[in-house]
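These notes concern the structure reproduced below.
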Amino acid sequence: MNSRIIINPEVLSQSHIAEKLLNREKELNAISTCLKNSINSFVYGSLGSGKTLLTKKAIELFNASKAKAIHIDCSLYQTTNAIFHEILLSLNSVVVSKSNYELTKRLKARTRNLDSPLTICLDHFEHLKEIETLNRILSLGLNLIIIAETYDSYRKLNQTIKASITSLIEIPSYTTDQVFDILINRAEEALEKYTYKEETIRKIASLNFNNRFLLFCERTEF
């Protein structure tokens with residue numbers, strides 16, 4: 001007798017990006033359009049609305065066309081120095097310098113030889129400690145997508161940066177039915193048949209307090 005419950009643990013991991021994002025087709029298309037057309041954008045939505053997953057999926061599709069976009073988590077990389085190091089690493093360029101001037105100079109030289117425009121996606125923007133980083137990115141002729149939890153973060157940007165952002169994309173909260181669709185789909189992929197009940201999944205979906213449990217699902221490996 002097969003005693004396994006989990007048959008595909010990867011589906012339950014934080015890093016998993018589904019082949020198809022349910023109930024987010026419109027938003028995915030909007031972000032993808034900004035990437036394809038080099039449109040500087042501001043994406044915002046409440047905790048658990050799927051902003052990070054959407055952005056990573058859009059980047060995955062975009063980069064498959066031999067273009068280049070880089071996802072940077074500002075909760076981990078909060079300064080110009082740290083972010084520029086990550087960008088250069090993503091471009092297969094290892095730099096030991098700690099000088100922002102040298103990093104900027106190296107990045108400028110590196111991006112000059114790219115076949116297509118480079119887009120930097122700054123996720124969890126609220127954690128960025130140096131707003132000047134945005135000016136530096138734009139001054140290098142790079143494209144920018146900012147991902148934040150609230151529209152208030154946009155209001156705090158200076159007029160120069162606001163003027164460069166021509167697309168505002170709001171990610172709405174999931175409804176209970178949408179949450180159920182996502183969870184049942186994930187259960188079908190990750191769990192052995194007959195080890196869970198649809199009724200149980202629906203009860204979990206009904207406990208959708210501002211989508212916090214979705215964040216739990218995204219950050220927890222069962």
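Residue numbers start at 1 in each chain; chains themselves are named A, B, ... in the order of the structure tokens; ligands are numbered from 1 in the order shown.
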
Practice problem: Apply DSSP to the structure's backbone, then extract all residues of stretch 8-162 of chain A labelled helix (DSSP H, G or I) and return them as number ranges by chain. | Solution: A: 9-12, 25-36, 51-63, 80-90, 100-112, 125-127, 132-139, 152-155, 159-162

Residues of stretch 147-182 of chain A within 9 Å of stretch 128-138 of chain A: nearest atom pair and distance (Å, one decimal) for each, counting only C-alpha atoms, sorted by chain and number, as a Markdown table?
```
| residue | atom | partner | partner_atom | distance |
| --- | --- | --- | --- | --- |
| A:Leu157 | CA | A:Ile131 | CA | 8.1 |
| A:Thr160 | CA | A:Asn135 | CA | 8.4 |
| A:Ile161 | CA | A:Asn135 | CA | 7.1 |
| A:Ser164 | CA | A:Leu138 | CA | 8.4 |
```

Quiz item: Separation of atom CA of A:His85 and atom CA of A:Gln159, in Å?
Solution: 27.0 Å

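Residues in contact with A:His127 at 10 Å, where only C-alpha atoms are counted and same-chain residues fewer than 6 positions away are skipped, are listed as Asp73, Cys74, Ser75, Leu76, Tyr77, Gln78, Thr79 and Ala148 of chain A.
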
Per-residue nearest contacts stretch 13-125 of chain A to stretch 183-196 of chain A, cut-off 12 Å, using only C-alpha atoms, as a tab-separated table:
```
residue	atom	partner	partner_atom	distance
A:Ser13	CA	A:Ala190	CA	10.1
A:His16	CA	A:Arg186	CA	10.6
A:Ile17	CA	A:Arg186	CA	11.2
A:Ala18	CA	A:Arg186	CA	9.0
A:Glu19	CA	A:Glu189	CA	11.4
A:Lys20	CA	A:Asn185	CA	10.5
A:Leu21	CA	A:Asn185	CA	10.4
A:Leu22	CA	A:Asn185	CA	8.9
A:Asn23	CA	A:Asn185	CA	11.9
```

Practice problem: Could you please determine the separation between atom CA of A:Lys203 and atom CA of A:Leu47 in Å, to one decimal place? | Solution: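 Between these atoms lies a distance of 20.6 Å.
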
Quiz prompt | atom CA of A:Ile59 to atom CA of A:Ala30, distance in Å rounded to a single decimal | solution =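 If I compute the distance from atom CA of A:Ile59 to atom CA of A:Ala30, I get 12.3 Å.
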
Quiz item: If you run DSSP on this backbone, which residues of stretch 29-173 of chain A come out as strand (DSSP E or B), and could you give them as JSON, numbers by chain?
Solution: {"A": [41, 42, 43, 44, 45, 68, 69, 70, 71, 72, 73, 118, 119, 120, 121, 122, 123, 143, 144, 145, 146, 147, 148, 167, 168, 169, 170, 171]}

Those residues with N, CA and C atoms, as an mmCIF file, in the first residue's frame please?
```
data_model
loop_
_atom_site.group_PDB
_atom_site.id
_atom_site.type_symbol
_atom_site.label_atom_id
_atom_site.label_comp_id
_atom_site.auth_asym_id
_atom_site.auth_seq_id
_atom_site.Cartn_x
_atom_site.Cartn_y
_atom_site.Cartn_z
ATOM 1 N N SER A 41 7.570 50.870 -14.512
ATOM 2 C CA SER A 41 6.271 50.581 -13.896
ATOM 3 C C SER A 41 6.346 50.520 -12.375
ATOM 4 N N PHE A 42 5.181 50.726 -11.775
ATOM 5 C CA PHE A 42 5.021 50.569 -10.325
ATOM 6 C C PHE A 42 3.889 49.582 -10.095
ATOM 7 N N VAL A 43 4.210 48.454 -9.478
ATOM 8 C CA VAL A 43 3.236 47.390 -9.217
ATOM 9 C C VAL A 43 2.969 47.351 -7.720
ATOM 10 N N TYR A 44 1.690 47.349 -7.328
ATOM 11 C CA TYR A 44 1.399 47.327 -5.895
ATOM 12 C C TYR A 44 0.165 46.463 -5.600
ATOM 13 N N GLY A 45 0.146 45.917 -4.403
ATOM 14 C CA GLY A 45 -0.962 45.070 -3.970
ATOM 15 C C GLY A 45 -0.729 44.588 -2.557
ATOM 16 N N LYS A 68 16.375 40.277 -21.159
ATOM 17 C CA LYS A 68 16.949 40.166 -19.823
ATOM 18 C C LYS A 68 16.261 41.089 -18.833
ATOM 19 N N ALA A 69 15.716 40.473 -17.783
ATOM 20 C CA ALA A 69 15.180 41.206 -16.635
ATOM 21 C C ALA A 69 15.703 40.505 -15.394
ATOM 22 N N ILE A 70 15.981 41.280 -14.358
ATOM 23 C CA ILE A 70 16.571 40.736 -13.133
ATOM 24 C C ILE A 70 15.694 41.083 -11.944
ATOM 25 N N HIS A 71 15.364 40.069 -11.140
ATOM 26 C CA HIS A 71 14.560 40.261 -9.935
ATOM 27 C C HIS A 71 15.483 40.465 -8.745
ATOM 28 N N ILE A 72 15.277 41.577 -8.025
ATOM 29 C CA ILE A 72 16.074 41.884 -6.836
ATOM 30 C C ILE A 72 15.142 42.035 -5.646
ATOM 31 N N ASP A 73 15.397 41.290 -4.579
ATOM 32 C CA ASP A 73 14.595 41.360 -3.355
ATOM 33 C C ASP A 73 15.201 42.401 -2.426
ATOM 34 N N LEU A 118 17.985 46.186 -20.519
ATOM 35 C CA LEU A 118 17.951 45.453 -19.250
ATOM 36 C C LEU A 118 16.922 46.089 -18.319
ATOM 37 N N THR A 119 16.071 45.248 -17.710
ATOM 38 C CA THR A 119 15.068 45.731 -16.763
ATOM 39 C C THR A 119 15.403 45.216 -15.362
ATOM 40 N N ILE A 120 15.393 46.113 -14.397
ATOM 41 C CA ILE A 120 15.632 45.757 -12.999
ATOM 42 C C ILE A 120 14.303 45.802 -12.260
ATOM 43 N N CYS A 121 13.914 44.682 -11.637
ATOM 44 C CA CYS A 121 12.664 44.604 -10.889
ATOM 45 C C CYS A 121 12.982 44.602 -9.397
ATOM 46 N N LEU A 122 12.638 45.678 -8.731
ATOM 47 C CA LEU A 122 12.925 45.818 -7.306
ATOM 48 C C LEU A 122 11.697 45.423 -6.494
ATOM 49 N N ASP A 123 11.745 44.234 -5.918
ATOM 50 C CA ASP A 123 10.628 43.697 -5.140
ATOM 51 C C ASP A 123 10.785 44.080 -3.665
ATOM 52 N N ASN A 143 15.828 49.936 -17.502
ATOM 53 C CA ASN A 143 14.395 50.015 -17.223
ATOM 54 C C ASN A 143 14.126 49.568 -15.797
ATOM 55 N N LEU A 144 12.995 50.004 -15.245
ATOM 56 C CA LEU A 144 12.739 49.781 -13.829
ATOM 57 C C LEU A 144 11.295 49.363 -13.582
ATOM 58 N N ILE A 145 11.139 48.312 -12.786
ATOM 59 C CA ILE A 145 9.820 47.932 -12.279
ATOM 60 C C ILE A 145 9.918 47.868 -10.764
ATOM 61 N N ILE A 146 9.074 48.625 -10.091
ATOM 62 C CA ILE A 146 9.056 48.661 -8.628
ATOM 63 C C ILE A 146 7.841 47.884 -8.138
ATOM 64 N N ILE A 147 8.047 46.998 -7.157
ATOM 65 C CA ILE A 147 6.949 46.197 -6.607
ATOM 66 C C ILE A 147 6.826 46.517 -5.117
ATOM 67 N N ALA A 148 5.652 46.990 -4.707
ATOM 68 C CA ALA A 148 5.438 47.406 -3.321
ATOM 69 C C ALA A 148 4.070 46.945 -2.836
ATOM 70 N N SER A 167 3.451 53.503 -15.971
ATOM 71 C CA SER A 167 2.435 52.466 -15.792
ATOM 72 C C SER A 167 2.285 52.117 -14.317
ATOM 73 N N LEU A 168 1.054 52.215 -13.819
ATOM 74 C CA LEU A 168 0.732 51.807 -12.448
ATOM 75 C C LEU A 168 -0.161 50.575 -12.521
ATOM 76 N N ILE A 169 0.256 49.486 -11.888
ATOM 77 C CA ILE A 169 -0.485 48.228 -11.955
ATOM 78 C C ILE A 169 -0.882 47.794 -10.547
ATOM 79 N N GLU A 170 -2.184 47.762 -10.292
ATOM 80 C CA GLU A 170 -2.661 47.306 -8.981
ATOM 81 C C GLU A 170 -3.019 45.822 -9.049
ATOM 82 N N ILE A 171 -2.519 45.062 -8.079
ATOM 83 C CA ILE A 171 -2.836 43.638 -7.976
ATOM 84 C C ILE A 171 -3.921 43.479 -6.910
#
```

Quiz item: Within 12 Å of A:Lys105, counting only C-alpha atoms, which residues qualify if same-chain residues fewer than 5 places away don't, as a list in words?
Solution: Phe84, Leu88, Val95, Ser97, Ser99, Asn100, Arg110, Thr111, Arg112, Arg136, Ile137, Ser139 and Leu140 of chain A

Residues from last step as file, C-alpha atoms, as a PDB file, in the first residue's frame:
```pdb
ATOM      1  CA  PHE A  84      24.553  46.676  -8.116  1.00  0.00           C
ATOM      2  CA  LEU A  88      26.511  42.323 -12.017  1.00  0.00           C
ATOM      3  CA  VAL A  95      33.193  42.392  -8.897  1.00  0.00           C
ATOM      4  CA  SER A  97      35.149  46.526  -5.516  1.00  0.00           C
ATOM      5  CA  SER A  99      33.025  51.519  -4.336  1.00  0.00           C
ATOM      6  CA  ASN A 100      29.662  52.651  -5.713  1.00  0.00           C
ATOM      7  CA  ARG A 110      28.616  45.747 -18.966  1.00  0.00           C
ATOM      8  CA  THR A 111      25.136  46.847 -20.037  1.00  0.00           C
ATOM      9  CA  ARG A 112      26.467  48.759 -23.038  1.00  0.00           C
ATOM     10  CA  ARG A 136      21.290  55.602 -10.448  1.00  0.00           C
ATOM     11  CA  ILE A 137      19.453  52.779 -12.236  1.00  0.00           C
ATOM     12  CA  SER A 139      20.670  57.261 -15.192  1.00  0.00           C
ATOM     13  CA  LEU A 140      22.307  54.135 -16.641  1.00  0.00           C
TER      14      LEU A 140
END
```

Exercise. Write out as JSON, numbers by chain which residues come within 12 Å of A:Glu25 when counting only C-alpha atoms, dropping same-chain ones fewer than 6 positions away.
Key: {"A": [31, 32, 50, 54, 57, 58, 171]}

Quiz item: For A:Thr166, which residue out of A:Ile83, A:Ile7, A:Ala109, A:Ile39 is the nearest one, using only C-alpha atoms?
Solution: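 Closest residue, counting only C-alpha atoms: A:Ile39.
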